[in-house]
Amino acid sequence: MISRVSVCTIVLASFAALGLAACSHRAPQAVTSAAPGTDDAAVAPAAAAASRGARIFAAQCAACHGAGGSGGPIGPSLRDVRKKHDLAAVVEIVKNPSTATMPKLFPAQLSAQDVADVSAYVETL
Ligand code: HEC
């Protein structure tokens with residue numbers, strides 16, 4: 001009786017170990033493909049979007065808002081704008097600017113993905 005329990009325990013423990021091994025094998029792959037150089041999986045999609053967004057910003061926004069959003073001849077500085085507007089708010093501003101001075105680039109020049117990416121970048125300034 002005792003030996004049968006022990007066998008069960010060993011079998012269960014083996015399955016548990018296999019399960020853990022499978023998990024720990026998969027997890028690093030997901031992190032590596034999503035965000036090289038960081039071990040925080042949650043940050044990965046935002047970081048990828050932001051780096052794509054930086055290129056969009058340079059092409060579509062920097063003429064007014066300055067390189068890196070430091071402020072330009074027409075547009076205000078966007079440094080720390082995340083303290084005022086969260087990501088959803090910036091997406092909304094880019095999609096539907098509140099004044100005529102800021103051009104409506106969506107959807108003619110910017111796709112919804114472009115807007116999401118450039119807004120993610122703006123949130124890093
Ligand atoms: C033709 C110039 C111009 C371009 C191009 C432009 N903006 Fe603007 N933007 C402005 C002006 C002017 C304002 C301030 C008035 C307003 O809110 O409409 C502004 C305001 C903003 C604000 C709100 C700032 C605040 O402090 O509340 C955000 C965010 C923003 N722009 C992001 C962007 C992004 C991202 C792009 C590129 C996709 C972009 N803008 C392109 C002129 C521009």
# chains A, B, ... in the order shown; residues from 1 in each chain; ligands from 1

$ closest_atom_pairs --of "chain A" --to "ligand 1" --cutoff "8 Å" --atoms "only C-alpha atoms and all ligand atoms" --output "Markdown table"
| residue | atom | partner | partner_atom_place_in_ligand_line | distance |
| --- | --- | --- | --- | --- |
| A:Ile56 | CA | ligand 1 | 38 (C) | 7.1 |
| A:Phe57 | CA | ligand 1 | 37 (C) | 5.5 |
| A:Gln60 | CA | ligand 1 | 37 (C) | 4.9 |
| A:Cys61 | CA | ligand 1 | 37 (C) | 3.6 |
| A:Ala62 | CA | ligand 1 | 5 (C) | 7.0 |
| A:Ala63 | CA | ligand 1 | 5 (C) | 6.1 |
| A:Cys64 | CA | ligand 1 | 2 (C) | 4.3 |
| A:His65 | CA | ligand 1 | 7 (N) | 6.2 |
| A:Ile74 | CA | ligand 1 | 12 (C) | 5.3 |
| A:Gly75 | CA | ligand 1 | 10 (C) | 4.0 |
| A:Pro76 | CA | ligand 1 | 13 (C) | 5.8 |
| A:Ser77 | CA | ligand 1 | 26 (O) | 7.1 |
| A:Leu78 | CA | ligand 1 | 24 (C) | 6.0 |
| A:Val81 | CA | ligand 1 | 26 (O) | 5.9 |
| A:Lys84 | CA | ligand 1 | 27 (O) | 7.0 |
| A:His85 | CA | ligand 1 | 27 (O) | 7.1 |
| A:Ala89 | CA | ligand 1 | 29 (C) | 7.9 |
| A:Val90 | CA | ligand 1 | 29 (C) | 4.9 |
| A:Val91 | CA | ligand 1 | 29 (C) | 7.9 |
| A:Ile93 | CA | ligand 1 | 29 (C) | 5.9 |
| A:Val94 | CA | ligand 1 | 34 (C) | 5.6 |
| A:Pro97 | CA | ligand 1 | 18 (O) | 5.4 |
| A:Ser98 | CA | ligand 1 | 18 (O) | 4.9 |
| A:Thr99 | CA | ligand 1 | 18 (O) | 4.0 |
| A:Ala100 | CA | ligand 1 | 18 (O) | 6.5 |
| A:Thr101 | CA | ligand 1 | 12 (C) | 4.7 |
| A:Met102 | CA | ligand 1 | 42 (C) | 3.8 |
| A:Pro103 | CA | ligand 1 | 1 (C) | 5.5 |
| A:Leu105 | CA | ligand 1 | 38 (C) | 6.6 |
| A:Leu110 | CA | ligand 1 | 38 (C) | 7.5 |
| A:Val115 | CA | ligand 1 | 38 (C) | 6.8 |
| A:Val118 | CA | ligand 1 | 35 (C) | 5.7 |
| A:Ser119 | CA | ligand 1 | 35 (C) | 5.7 |
| A:Val122 | CA | ligand 1 | 35 (C) | 6.3 |

$ closest_residue --among "A:Pro107, A:Pro45, A:Gly66, A:Gly53" --to "Tyr121 in chain A" --atoms "only C-alpha atoms"
A:Gly53

$ atom_distance --atom1 "CA of Leu125 in chain A" --atom2 "CA of Ala49 in chain A"
13.7 Å

$ closest_residue --among "A:Arg79, A:Ala116, A:Ala108, A:Ala46" --to "Glu92 in chain A" --atoms "only C-alpha atoms"
A:Ala116

$ atom_distance --atom1 "CA of Gly68 in chain A" --atom2 "CA of Phe106 in chain A"
20.6 Å

$ atom_distance --atom1 "CA of Lys83 in chain A" --atom2 "CA of Ala54 in chain A"
19.0 Å
